[in-house]
$ cat entry.pdb   # PDB, C-alpha atoms
ATOM      1  CA  MET A   1      15.603 -42.525  22.164  1.00  0.00           C
ATOM      2  CA  LEU A   2      15.916 -38.763  21.862  1.00  0.00           C
ATOM      3  CA  LYS A   3      12.990 -36.796  23.300  1.00  0.00           C
ATOM      4  CA  ILE A   4      11.562 -33.703  21.583  1.00  0.00           C
ATOM      5  CA  SER A   5       9.431 -30.917  23.042  1.00  0.00           C
ATOM      6  CA  GLY A   6       6.982 -29.214  20.706  1.00  0.00           C
ATOM      7  CA  THR A   7       6.196 -25.494  21.044  1.00  0.00           C
ATOM      8  CA  ILE A   8       3.459 -23.362  19.489  1.00  0.00           C
ATOM      9  CA  ILE A   9       2.502 -19.743  20.175  1.00  0.00           C
ATOM     10  CA  THR A  10      -1.132 -18.840  19.558  1.00  0.00           C
ATOM     11  CA  TYR A  11      -3.680 -16.066  19.433  1.00  0.00           C
ATOM     12  CA  ASN A  12      -7.196 -16.834  18.179  1.00  0.00           C
ATOM     13  CA  GLU A  13      -6.117 -19.878  16.162  1.00  0.00           C
ATOM     14  CA  GLU A  14      -9.238 -22.027  16.483  1.00  0.00           C
ATOM     15  CA  LYS A  15      -9.256 -22.650  12.710  1.00  0.00           C
ATOM     16  CA  ASN A  16      -5.678 -23.982  12.610  1.00  0.00           C
ATOM     17  CA  ILE A  17      -4.528 -25.265  15.965  1.00  0.00           C
ATOM     18  CA  ALA A  18      -6.006 -28.792  15.861  1.00  0.00           C
ATOM     19  CA  ARG A  19      -4.285 -29.584  12.550  1.00  0.00           C
ATOM     20  CA  CYS A  20      -0.968 -28.277  13.877  1.00  0.00           C
ATOM     21  CA  ILE A  21      -1.115 -30.239  17.144  1.00  0.00           C
ATOM     22  CA  GLU A  22      -2.212 -33.459  15.431  1.00  0.00           C
ATOM     23  CA  SER A  23       0.785 -33.260  13.095  1.00  0.00           C
ATOM     24  CA  MET A  24       3.142 -32.881  16.072  1.00  0.00           C
ATOM     25  CA  LEU A  25       1.723 -35.646  18.256  1.00  0.00           C
ATOM     26  CA  PRO A  26       3.529 -38.551  16.513  1.00  0.00           C
ATOM     27  CA  VAL A  27       6.984 -37.000  17.033  1.00  0.00           C
ATOM     28  CA  CYS A  28       6.762 -34.912  20.227  1.00  0.00           C
ATOM     29  CA  ASP A  29       7.059 -36.192  23.795  1.00  0.00           C
ATOM     30  CA  GLU A  30       5.350 -33.072  25.102  1.00  0.00           C
ATOM     31  CA  ILE A  31       3.661 -30.083  23.455  1.00  0.00           C
ATOM     32  CA  ILE A  32       3.777 -26.578  24.922  1.00  0.00           C
ATOM     33  CA  VAL A  33       1.219 -23.997  23.791  1.00  0.00           C
ATOM     34  CA  LEU A  34       1.861 -20.406  24.868  1.00  0.00           C
ATOM     35  CA  ASP A  35      -1.268 -18.395  24.185  1.00  0.00           C
ATOM     36  CA  SER A  36      -1.638 -14.617  24.042  1.00  0.00           C
ATOM     37  CA  LEU A  37      -5.032 -14.522  25.793  1.00  0.00           C
ATOM     38  CA  SER A  38      -7.156 -15.758  22.901  1.00  0.00           C
ATOM     39  CA  THR A  39     -10.841 -14.842  22.859  1.00  0.00           C
ATOM     40  CA  ASP A  40     -11.970 -17.725  20.637  1.00  0.00           C
ATOM     41  CA  ARG A  41     -11.953 -21.534  21.188  1.00  0.00           C
ATOM     42  CA  THR A  42      -8.156 -21.925  20.968  1.00  0.00           C
ATOM     43  CA  LYS A  43      -7.730 -22.895  24.627  1.00  0.00           C
ATOM     44  CA  GLU A  44     -10.685 -25.298  24.586  1.00  0.00           C
ATOM     45  CA  ILE A  45      -9.338 -27.103  21.519  1.00  0.00           C
ATOM     46  CA  CYS A  46      -5.774 -27.303  22.866  1.00  0.00           C
ATOM     47  CA  LEU A  47      -6.842 -28.845  26.168  1.00  0.00           C
ATOM     48  CA  LYS A  48      -8.593 -31.675  24.316  1.00  0.00           C
ATOM     49  CA  TYR A  49      -5.131 -32.816  23.215  1.00  0.00           C
ATOM     50  CA  ASN A  50      -3.650 -32.760  26.729  1.00  0.00           C
ATOM     51  CA  VAL A  51      -0.985 -30.200  25.840  1.00  0.00           C
ATOM     52  CA  LYS A  52       0.701 -28.026  28.450  1.00  0.00           C
ATOM     53  CA  PHE A  53      -1.152 -24.737  28.045  1.00  0.00           C
ATOM     54  CA  PHE A  54       0.187 -21.397  29.291  1.00  0.00           C
ATOM     55  CA  GLU A  55      -1.112 -17.852  28.866  1.00  0.00           C
ATOM     56  CA  GLN A  56       0.515 -14.437  28.913  1.00  0.00           C
ATOM     57  CA  ASN A  57       0.395 -11.120  27.082  1.00  0.00           C
ATOM     58  CA  PHE A  58       2.103 -11.090  23.688  1.00  0.00           C
ATOM     59  CA  LEU A  59       5.726  -9.962  23.991  1.00  0.00           C
ATOM     60  CA  GLY A  60       6.636  -9.978  20.293  1.00  0.00           C
ATOM     61  CA  HIS A  61       7.140 -12.908  17.922  1.00  0.00           C
ATOM     62  CA  VAL A  62      10.785 -13.550  18.841  1.00  0.00           C
ATOM     63  CA  GLU A  63      10.292 -12.976  22.556  1.00  0.00           C
ATOM     64  CA  GLN A  64       7.117 -15.088  22.763  1.00  0.00           C
ATOM     65  CA  LYS A  65       8.703 -18.053  20.989  1.00  0.00           C
ATOM     66  CA  ASN A  66      11.753 -17.948  23.257  1.00  0.00           C
ATOM     67  CA  LYS A  67       9.449 -17.775  26.267  1.00  0.00           C
ATOM     68  CA  ALA A  68       7.626 -20.922  25.085  1.00  0.00           C
ATOM     69  CA  VAL A  69      10.958 -22.763  24.977  1.00  0.00           C
ATOM     70  CA  GLU A  70      11.521 -21.914  28.653  1.00  0.00           C
ATOM     71  CA  PHE A  71       8.592 -24.198  29.560  1.00  0.00           C
ATOM     72  CA  THR A  72      10.077 -27.244  27.811  1.00  0.00           C
ATOM     73  CA  GLU A  73      11.634 -30.225  29.590  1.00  0.00           C
ATOM     74  CA  ASN A  74      13.753 -31.634  26.738  1.00  0.00           C
ATOM     75  CA  ASP A  75      16.858 -30.305  24.981  1.00  0.00           C
ATOM     76  CA  TYR A  76      15.505 -30.704  21.452  1.00  0.00           C
ATOM     77  CA  ILE A  77      12.692 -28.440  20.323  1.00  0.00           C
ATOM     78  CA  LEU A  78      10.238 -28.706  17.439  1.00  0.00           C
ATOM     79  CA  SER A  79       8.598 -25.315  16.951  1.00  0.00           C
ATOM     80  CA  LEU A  80       5.716 -24.725  14.564  1.00  0.00           C
ATOM     81  CA  ASP A  81       3.434 -21.793  13.924  1.00  0.00           C
ATOM     82  CA  ALA A  82      -0.228 -22.576  14.506  1.00  0.00           C
ATOM     83  CA  ASP A  83      -0.937 -22.404  10.768  1.00  0.00           C
ATOM     84  CA  GLU A  84       1.770 -24.970   9.939  1.00  0.00           C
ATOM     85  CA  ALA A  85       1.671 -28.780   9.882  1.00  0.00           C
ATOM     86  CA  LEU A  86       4.142 -31.617   9.337  1.00  0.00           C
ATOM     87  CA  THR A  87       3.612 -33.977   6.442  1.00  0.00           C
ATOM     88  CA  SER A  88       3.785 -37.726   7.072  1.00  0.00           C
ATOM     89  CA  GLU A  89       7.133 -37.736   5.233  1.00  0.00           C
ATOM     90  CA  LEU A  90       8.606 -35.236   7.681  1.00  0.00           C
ATOM     91  CA  GLN A  91       7.121 -37.116  10.634  1.00  0.00           C
ATOM     92  CA  GLU A  92       8.845 -40.322   9.538  1.00  0.00           C
ATOM     93  CA  GLN A  93      12.202 -38.593   9.102  1.00  0.00           C
ATOM     94  CA  ILE A  94      11.989 -36.871  12.483  1.00  0.00           C
ATOM     95  CA  LEU A  95      11.185 -40.222  14.114  1.00  0.00           C
ATOM     96  CA  ASP A  96      14.263 -41.711  12.422  1.00  0.00           C
ATOM     97  CA  PHE A  97      16.310 -38.777  13.698  1.00  0.00           C
ATOM     98  CA  LYS A  98      15.115 -39.446  17.238  1.00  0.00           C
ATOM     99  CA  LYS A  99      16.467 -43.003  16.998  1.00  0.00           C
ATOM    100  CA  SER A 100      19.897 -41.824  15.836  1.00  0.00           C
ATOM    101  CA  PRO A 101      20.449 -38.071  16.281  1.00  0.00           C
ATOM    102  CA  SER A 102      23.436 -36.918  14.258  1.00  0.00           C
ATOM    103  CA  SER A 103      22.957 -33.144  14.066  1.00  0.00           C
ATOM    104  CA  ASP A 104      22.102 -30.167  16.245  1.00  0.00           C
ATOM    105  CA  ALA A 105      19.276 -28.870  14.063  1.00  0.00           C
ATOM    106  CA  LEU A 106      16.922 -29.919  11.281  1.00  0.00           C
ATOM    107  CA  LYS A 107      15.671 -27.714   8.465  1.00  0.00           C
ATOM    108  CA  PHE A 108      13.119 -28.330   5.760  1.00  0.00           C
ATOM    109  CA  ASN A 109      11.271 -26.592   2.949  1.00  0.00           C
ATOM    110  CA  ARG A 110       8.019 -24.783   3.691  1.00  0.00           C
ATOM    111  CA  LEU A 111       5.209 -24.958   1.134  1.00  0.00           C
ATOM    112  CA  THR A 112       2.550 -22.275   1.445  1.00  0.00           C
ATOM    113  CA  ARG A 113      -1.121 -22.582   0.542  1.00  0.00           C
ATOM    114  CA  TYR A 114      -2.644 -19.299  -0.636  1.00  0.00           C
ATOM    115  CA  ILE A 115      -6.465 -19.325  -0.664  1.00  0.00           C
ATOM    116  CA  ASP A 116      -6.901 -22.568  -2.667  1.00  0.00           C
ATOM    117  CA  ARG A 117      -3.504 -23.051  -4.329  1.00  0.00           C
ATOM    118  CA  TRP A 118      -0.055 -24.277  -3.271  1.00  0.00           C
ATOM    119  CA  ILE A 119       2.519 -21.634  -4.247  1.00  0.00           C
ATOM    120  CA  LYS A 120       5.750 -22.970  -5.740  1.00  0.00           C
ATOM    121  CA  ASN A 121       7.438 -19.660  -6.626  1.00  0.00           C
ATOM    122  CA  CYS A 122       7.145 -15.918  -5.763  1.00  0.00           C
ATOM    123  CA  ASP A 123      10.068 -16.162  -3.297  1.00  0.00           C
ATOM    124  CA  TRP A 124       7.701 -18.251  -1.145  1.00  0.00           C
ATOM    125  CA  TYR A 125       9.289 -21.608  -1.970  1.00  0.00           C
ATOM    126  CA  PRO A 126      11.374 -23.465  -0.934  1.00  0.00           C
ATOM    127  CA  ASP A 127      11.427 -21.007   2.018  1.00  0.00           C
ATOM    128  CA  VAL A 128      13.812 -23.207   4.052  1.00  0.00           C
ATOM    129  CA  LYS A 129      13.178 -23.094   7.803  1.00  0.00           C
ATOM    130  CA  ILE A 130      14.959 -24.546  10.826  1.00  0.00           C
ATOM    131  CA  ARG A 131      12.202 -25.993  12.979  1.00  0.00           C
ATOM    132  CA  VAL A 132      14.043 -28.579  15.118  1.00  0.00           C
ATOM    133  CA  TRP A 133      17.112 -27.682  17.165  1.00  0.00           C
ATOM    134  CA  ASN A 134      19.021 -28.270  20.372  1.00  0.00           C
ATOM    135  CA  LYS A 135      18.040 -25.376  22.630  1.00  0.00           C
ATOM    136  CA  ASN A 136      21.537 -25.400  24.121  1.00  0.00           C
ATOM    137  CA  MET A 137      22.910 -24.524  20.670  1.00  0.00           C
ATOM    138  CA  GLY A 138      20.533 -21.774  19.566  1.00  0.00           C
ATOM    139  CA  LYS A 139      17.427 -19.686  20.106  1.00  0.00           C
ATOM    140  CA  TRP A 140      14.881 -17.555  18.290  1.00  0.00           C
ATOM    141  CA  GLY A 141      16.268 -14.313  16.855  1.00  0.00           C
ATOM    142  CA  GLY A 142      15.745 -12.084  13.837  1.00  0.00           C
ATOM    143  CA  THR A 143      13.731  -8.884  13.655  1.00  0.00           C
ATOM    144  CA  ASN A 144      10.014  -8.892  14.495  1.00  0.00           C
ATOM    145  CA  PRO A 145       7.813 -10.083  12.918  1.00  0.00           C
ATOM    146  CA  HIS A 146      10.337 -12.129  10.885  1.00  0.00           C
ATOM    147  CA  ASP A 147      11.747 -14.564  13.426  1.00  0.00           C
ATOM    148  CA  LEU A 148      14.342 -17.253  12.747  1.00  0.00           C
ATOM    149  CA  ILE A 149      16.495 -19.725  14.652  1.00  0.00           C
ATOM    150  CA  VAL A 150      20.008 -18.404  15.333  1.00  0.00           C
ATOM    151  CA  LEU A 151      22.482 -21.224  15.993  1.00  0.00           C
ATOM    152  CA  GLU A 152      25.859 -21.127  17.677  1.00  0.00           C
ATOM    153  CA  ASP A 153      28.972 -22.352  15.857  1.00  0.00           C
ATOM    154  CA  PRO A 154      29.740 -25.142  15.136  1.00  0.00           C
ATOM    155  CA  ALA A 155      26.129 -26.361  15.085  1.00  0.00           C
ATOM    156  CA  ARG A 156      25.462 -29.157  12.590  1.00  0.00           C
ATOM    157  CA  VAL A 157      22.313 -28.723  10.472  1.00  0.00           C
ATOM    158  CA  ARG A 158      20.639 -31.418   8.401  1.00  0.00           C
ATOM    159  CA  HIS A 159      18.130 -30.751   5.614  1.00  0.00           C
ATOM    160  CA  LEU A 160      15.228 -33.214   5.616  1.00  0.00           C
ATOM    161  CA  ARG A 161      13.182 -34.235   2.591  1.00  0.00           C
ATOM    162  CA  GLY A 162       9.560 -33.206   2.366  1.00  0.00           C
ATOM    163  CA  ASP A 163       7.648 -30.008   2.958  1.00  0.00           C
ATOM    164  CA  LEU A 164       6.343 -28.242   6.013  1.00  0.00           C
ATOM    165  CA  LEU A 165       2.815 -27.217   5.051  1.00  0.00           C
ATOM    166  CA  HIS A 166       1.883 -23.598   5.687  1.00  0.00           C
ATOM    167  CA  TYR A 167      -1.817 -22.700   5.520  1.00  0.00           C
ATOM    168  CA  SER A 168      -1.547 -18.953   5.107  1.00  0.00           C
ATOM    169  CA  TYR A 169      -4.147 -16.525   3.836  1.00  0.00           C
ATOM    170  CA  THR A 170      -7.721 -17.571   3.099  1.00  0.00           C
ATOM    171  CA  SER A 171      -8.514 -14.384   1.158  1.00  0.00           C
ATOM    172  CA  ILE A 172      -6.812 -11.436  -0.503  1.00  0.00           C
ATOM    173  CA  SER A 173      -8.341  -9.149   2.121  1.00  0.00           C
ATOM    174  CA  ASP A 174      -6.770 -11.274   4.866  1.00  0.00           C
ATOM    175  CA  HIS A 175      -3.380 -10.969   3.137  1.00  0.00           C
ATOM    176  CA  ILE A 176      -3.631  -7.175   2.859  1.00  0.00           C
ATOM    177  CA  THR A 177      -4.767  -6.793   6.479  1.00  0.00           C
ATOM    178  CA  GLN A 178      -1.860  -8.908   7.734  1.00  0.00           C
ATOM    179  CA  THR A 179       0.580  -7.020   5.495  1.00  0.00           C
ATOM    180  CA  ASN A 180      -0.525  -3.739   7.033  1.00  0.00           C
ATOM    181  CA  LYS A 181      -0.120  -5.172  10.542  1.00  0.00           C
ATOM    182  CA  PHE A 182       3.277  -6.768   9.896  1.00  0.00           C
ATOM    183  CA  THR A 183       4.752  -3.704   8.173  1.00  0.00           C
ATOM    184  CA  THR A 184       3.895  -1.610  11.211  1.00  0.00           C
ATOM    185  CA  ILE A 185       5.730  -4.100  13.439  1.00  0.00           C
ATOM    186  CA  ALA A 186       8.648  -4.268  10.993  1.00  0.00           C
ATOM    187  CA  ALA A 187       8.936  -0.479  10.721  1.00  0.00           C
ATOM    188  CA  LYS A 188       9.015  -0.077  14.500  1.00  0.00           C
ATOM    189  CA  ALA A 189      11.638  -2.807  14.851  1.00  0.00           C
ATOM    190  CA  ALA A 190      13.757  -1.267  12.077  1.00  0.00           C
ATOM    191  CA  PHE A 191      13.522   2.175  13.665  1.00  0.00           C
ATOM    192  CA  LYS A 192      14.577   0.729  17.024  1.00  0.00           C
ATOM    193  CA  ASN A 193      17.592  -0.871  15.304  1.00  0.00           C
ATOM    194  CA  SER A 194      18.619   2.463  13.750  1.00  0.00           C
ATOM    195  CA  VAL A 195      17.590   1.512  10.185  1.00  0.00           C
ATOM    196  CA  ARG A 196      16.590   4.591   8.229  1.00  0.00           C
ATOM    197  CA  SER A 197      14.377   5.259   5.219  1.00  0.00           C
ATOM    198  CA  ASN A 198      14.229   8.015   2.612  1.00  0.00           C
ATOM    199  CA  ASN A 199      12.181   8.950  -0.441  1.00  0.00           C
ATOM    200  CA  PHE A 200      14.509   7.020  -2.748  1.00  0.00           C
ATOM    201  CA  LYS A 201      13.947   3.776  -0.828  1.00  0.00           C
ATOM    202  CA  ILE A 202      10.186   4.375  -0.680  1.00  0.00           C
ATOM    203  CA  VAL A 203      10.066   4.696  -4.484  1.00  0.00           C
ATOM    204  CA  THR A 204      12.576   2.040  -5.547  1.00  0.00           C
ATOM    205  CA  ARG A 205      12.218  -0.834  -3.043  1.00  0.00           C
ATOM    206  CA  PRO A 206       8.676  -1.821  -4.146  1.00  0.00           C
ATOM    207  CA  PHE A 207       9.700  -1.999  -7.821  1.00  0.00           C
ATOM    208  CA  LEU A 208      12.803  -4.033  -7.007  1.00  0.00           C
ATOM    209  CA  LYS A 209      10.790  -6.409  -4.836  1.00  0.00           C
ATOM    210  CA  PHE A 210       8.186  -7.002  -7.526  1.00  0.00           C
ATOM    211  CA  PHE A 211      10.825  -7.551 -10.219  1.00  0.00           C
ATOM    212  CA  LYS A 212      12.697 -10.043  -8.034  1.00  0.00           C
ATOM    213  CA  ASP A 213       9.653 -12.056  -6.958  1.00  0.00           C
ATOM    214  CA  TYR A 214       7.647 -12.019 -10.196  1.00  0.00           C
ATOM    215  CA  PHE A 215      10.427 -12.413 -12.734  1.00  0.00           C
ATOM    216  CA  LEU A 216      13.581 -13.724 -11.030  1.00  0.00           C
ATOM    217  CA  ARG A 217      11.687 -15.966  -8.600  1.00  0.00           C
ATOM    218  CA  LYS A 218       9.220 -16.955 -11.341  1.00  0.00           C
ATOM    219  CA  GLY A 219       6.062 -15.757  -9.626  1.00  0.00           C
ATOM    220  CA  PHE A 220       4.416 -15.636 -13.053  1.00  0.00           C
ATOM    221  CA  LEU A 221       4.290 -19.448 -13.021  1.00  0.00           C
ATOM    222  CA  ASP A 222       1.739 -19.300 -10.188  1.00  0.00           C
ATOM    223  CA  GLY A 223      -0.870 -17.581 -12.358  1.00  0.00           C
ATOM    224  CA  ARG A 224      -3.017 -14.718 -11.184  1.00  0.00           C
ATOM    225  CA  TYR A 225      -2.350 -15.509  -7.521  1.00  0.00           C
ATOM    226  CA  GLY A 226       1.350 -15.314  -8.293  1.00  0.00           C
ATOM    227  CA  PHE A 227       0.859 -11.789  -9.612  1.00  0.00           C
ATOM    228  CA  ILE A 228      -1.269 -10.810  -6.612  1.00  0.00           C
ATOM    229  CA  ILE A 229       1.276 -12.199  -4.130  1.00  0.00           C
ATOM    230  CA  CYS A 230       4.172 -10.420  -5.823  1.00  0.00           C
ATOM    231  CA  PHE A 231       2.191  -7.177  -5.966  1.00  0.00           C
ATOM    232  CA  ILE A 232       1.349  -7.365  -2.253  1.00  0.00           C
ATOM    233  CA  ASN A 233       4.991  -8.241  -1.514  1.00  0.00           C
ATOM    234  CA  ALA A 234       5.911  -4.997  -3.285  1.00  0.00           C
ATOM    235  CA  LEU A 235       3.218  -3.166  -1.317  1.00  0.00           C
ATOM    236  CA  SER A 236       4.789  -4.545   1.853  1.00  0.00           C
ATOM    237  CA  ALA A 237       8.124  -2.958   0.925  1.00  0.00           C
ATOM    238  CA  LEU A 238       6.387   0.346   0.203  1.00  0.00           C
ATOM    239  CA  LEU A 239       4.513   0.357   3.504  1.00  0.00           C
ATOM    240  CA  LYS A 240       7.518  -0.621   5.591  1.00  0.00           C
ATOM    241  CA  TYR A 241       9.768   2.161   4.270  1.00  0.00           C
ATOM    242  CA  ALA A 242       6.970   4.734   4.203  1.00  0.00           C
ATOM    243  CA  LYS A 243       6.035   3.980   7.823  1.00  0.00           C
ATOM    244  CA  LEU A 244       9.700   4.017   8.825  1.00  0.00           C
ATOM    245  CA  LYS A 245      10.065   7.481   7.265  1.00  0.00           C
ATOM    246  CA  ASP A 246       7.012   8.662   9.222  1.00  0.00           C
ATOM    247  CA  LEU A 247       8.591   7.404  12.444  1.00  0.00           C
ATOM    248  CA  GLN A 248      11.748   9.334  11.614  1.00  0.00           C
ATOM    249  CA  ASP A 249       9.596  12.428  11.136  1.00  0.00           C
ATOM    250  CA  GLY A 250       7.970  11.960  14.533  1.00  0.00           C
ATOM    251  CA  LYS A 251       4.593  10.798  13.206  1.00  0.00           C
ATOM    252  CA  SER A 252       2.400   7.983  14.477  1.00  0.00           C
ATOM    253  CA  ILE A 253       1.976   4.881  12.308  1.00  0.00           C
ATOM    254  CA  ASP A 254      -0.659   3.040  14.377  1.00  0.00           C
TER     255      ASP A 254
END
$ encode --input "entry.pdb" --output "structure tokens"
Amino acid sequence: MLKISGTIITYNEEKNIARCIESMLPVCDEIIVLDSLSTDRTKEICLKYNVKFFEQNFLGHVEQKNKAVEFTENDYILSLDADEALTSELQEQILDFKKSPSSDALKFNRLTRYIDRWIKNCDWYPDVKIRVWNKNMGKWGGTNPHDLIVLEDPARVRHLRGDLLHYSYTSISDHITQTNKFTTIAAKAAFKNSVRSNNFKIVTRPFLKFFKDYFLRKGFLDGRYGFIICFINALSALLKYAKLKDLQDGKSID
């Protein structure tokens, strides 16, 4: 039977990590946790599950996830964020895949919980993610903090039924704080990659983002939280391009 190594990167995830690990245990032959020197009970909780626990300074989302893969013993990887969890339906399908592997990667829909509601629109669903892959056929890539699996041709990808559960923000304040943090990371990464901003982008990108997510992606069907999510998504676009413009002008954005 095919063996799968699970990987998780963490930093102060005591509220989420047990749920994530428990969802991986039925399908993983080993679980690697690479921690960025947490100051809460993350390490204590992880060691209760007999995972392989490593610590190092945070290198960046893409770099840290690739580093976690380096500690794995098996060719196939299942990588989850600490605030994600497999449903029983996905567990069953992954176990079937292990018995008869017929593809190089598996992808599935991700369903996000926002405060106390599962969000079915707002450009947040189906939010298809590759989470299982042959490490000889791909690795983590993308632009921080938005990482994704980049596969080599001709990798075969299969889409499984069921949802990967994503337990995101527990409050609006949490969402805004994370948006501010992530847009700083995104602006720095964009600047490094020679992406440039201007006043036109700063003004127009937020409006376009809101229109797309609220109307075209039917965010209005998710009620008041749908409006709030789409508004903060638009704010994210504003902050990213405004911070990028400041970097171009030689100003600090930290």
$ atom_distance --input "entry.pdb" --atom1 "atom CA of Gly223 of chain A" --atom2 "atom CA of Gln178 of chain A"
21.9 Å
$ residues_around --input "entry.pdb" --residues "Phe108 of chain A" --least-positions-apart "3" --cutoff "6 Å" --atoms "only C-alpha atoms" --output "PyMOL selection string"
chain A and resi 128-129+159-160
$ resolve_selection --input "entry.pdb" --expression "the PyMOL selection byres ((chain A and resi 15-32) around 7)" --output "NGL selection string"
:A and (3-8 or 13-14 or 33-34 or 45 or 51-53 or 68 or 72 or 82-86 or 91 or 94-95)
$ closest_residue --input "entry.pdb" --among "A:Val132, A:Val62, A:Ile9, A:Leu148" --to "Ala189 of chain A" --atoms "only C-alpha atoms"
A:Val62
$ closest_residue --input "entry.pdb" --among "A:Glu70, A:Glu55, A:Asp96, A:Asp81" --to "Ser36 of chain A" --atoms "all atoms listed in the file"
A:Glu55
$ atom_distance --input "entry.pdb" --atom1 "atom CA of Asp163 of chain A" --atom2 "atom CA of Asp127 of chain A"
9.8 Å
$ residues_around --input "entry.pdb" --residues "Trp124 of chain A" --least-positions-apart "3" --cutoff "12 Å" --atoms "only C-alpha atoms" --output "list in words"
Asn109, Arg110, Leu111, Thr112, Arg113, Tyr114, Trp118, Ile119, Lys120, Asn121, Asp127, Val128, Lys129, Leu165, His166, Ser168, Lys212, Asp213, Tyr214, Arg217, Lys218, Gly219, Asp222, Gly226, Ile229, Cys230 and Asn233 of chain A
$ closest_residue --input "entry.pdb" --among "A:Ile228, A:Ala187, A:Met137, A:Ala234" --to "Leu247 of chain A" --atoms "all atoms listed in the file"
A:Ala187
$ closest_residue --input "entry.pdb" --among "A:Asn193, A:Asn12, A:Cys122, A:Cys46" --to "Leu216 of chain A" --atoms "all atoms listed in the file"
A:Cys122
$ resolve_selection --input "entry.pdb" --expression "the PyMOL selection byres ((chain A and resi 253) around 10)" --output "number ranges by chain"
A: 183-185, 187-188, 242-247, 250-252, 254
$ closest_residue --input "entry.pdb" --among "A:Thr179, A:Ser79, A:Thr143, A:Ser197" --to "Leu235 of chain A" --atoms "all atoms listed in the file"
A:Thr179
$ atom_distance --input "entry.pdb" --atom1 "atom CA of Leu238 of chain A" --atom2 "atom CA of Gly60 of chain A"
22.6 Å
$ axis_aligned_box --input "entry.pdb" --around "segment 134-153 of chain A" --padding-each-side "4 Å" --output "JSON"
{"center_x": 18.4, "center_y": -18.6, "center_z": 17.5, "size_x": 29.2, "size_y": 27.4, "size_z": 21.2}
$ residues_around --input "entry.pdb" --residues "Ser103 of chain A" --least-positions-apart "3" --cutoff "12 Å" --atoms "only C-alpha atoms" --output "PDB file with C-alpha atoms, in the coordinates of the input"
ATOM      1  CA  LEU A   2      15.916 -38.763  21.862  1.00  0.00           C
ATOM      2  CA  TYR A  76      15.505 -30.704  21.452  1.00  0.00           C
ATOM      3  CA  ILE A  94      11.989 -36.871  12.483  1.00  0.00           C
ATOM      4  CA  PHE A  97      16.310 -38.777  13.698  1.00  0.00           C
ATOM      5  CA  LYS A  98      15.115 -39.446  17.238  1.00  0.00           C
ATOM      6  CA  SER A 100      19.897 -41.824  15.836  1.00  0.00           C
ATOM      7  CA  LEU A 106      16.922 -29.919  11.281  1.00  0.00           C
ATOM      8  CA  LYS A 107      15.671 -27.714   8.465  1.00  0.00           C
ATOM      9  CA  VAL A 132      14.043 -28.579  15.118  1.00  0.00           C
ATOM     10  CA  TRP A 133      17.112 -27.682  17.165  1.00  0.00           C
ATOM     11  CA  ASN A 134      19.021 -28.270  20.372  1.00  0.00           C
ATOM     12  CA  MET A 137      22.910 -24.524  20.670  1.00  0.00           C
ATOM     13  CA  PRO A 154      29.740 -25.142  15.136  1.00  0.00           C
ATOM     14  CA  ALA A 155      26.129 -26.361  15.085  1.00  0.00           C
ATOM     15  CA  ARG A 156      25.462 -29.157  12.590  1.00  0.00           C
ATOM     16  CA  VAL A 157      22.313 -28.723  10.472  1.00  0.00           C
ATOM     17  CA  ARG A 158      20.639 -31.418   8.401  1.00  0.00           C
ATOM     18  CA  HIS A 159      18.130 -30.751   5.614  1.00  0.00           C
ATOM     19  CA  LEU A 160      15.228 -33.214   5.616  1.00  0.00           C
TER      20      LEU A 160
END
$ resolve_selection --input "entry.pdb" --expression "the PyMOL selection byres ((chain A and resi 150) around 8)" --output "count of residues only"
9
$ closest_residue --input "entry.pdb" --among "A:Arg117, A:Asp123, A:Leu59, A:Asp104" --to "Phe211 of chain A" --atoms "only C-alpha atoms"
A:Asp123
$ decode --input "entry.pdb" --residues "segment 207-228 of chain A" --atoms "C-alpha atoms" --output "short mmCIF file (atom, residue, chain, number, x, y, z; two decimals), in the first residue's frame"
data_model
loop_
_atom_site.label_atom_id
_atom_site.label_comp_id
_atom_site.auth_asym_id
_atom_site.auth_seq_id
_atom_site.Cartn_x
_atom_site.Cartn_y
_atom_site.Cartn_z
CA PHE A 207 -13.83 48.40 -6.50
CA LEU A 208 -13.19 45.66 -9.04
CA LYS A 209 -12.49 43.14 -6.29
CA PHE A 210 -15.68 43.97 -4.42
CA PHE A 211 -17.79 43.82 -7.59
CA LYS A 212 -16.32 40.45 -8.55
CA ASP A 213 -16.69 38.82 -5.13
CA TYR A 214 -20.03 40.29 -4.05
CA PHE A 215 -21.92 40.22 -7.33
CA LEU A 216 -20.20 37.84 -9.77
CA ARG A 217 -19.18 35.34 -7.08
CA LYS A 218 -22.54 35.79 -5.32
CA GLY A 219 -21.19 36.95 -1.97
CA PHE A 220 -24.60 38.49 -1.29
CA LEU A 221 -25.97 34.98 -0.75
CA ASP A 222 -23.86 34.69 2.42
CA GLY A 223 -25.75 37.48 4.17
CA ARG A 224 -24.08 40.17 6.23
CA TYR A 225 -20.90 38.12 6.62
CA GLY A 226 -20.77 37.83 2.85
CA PHE A 227 -20.80 41.62 2.59
CA ILE A 228 -18.15 41.96 5.30
#
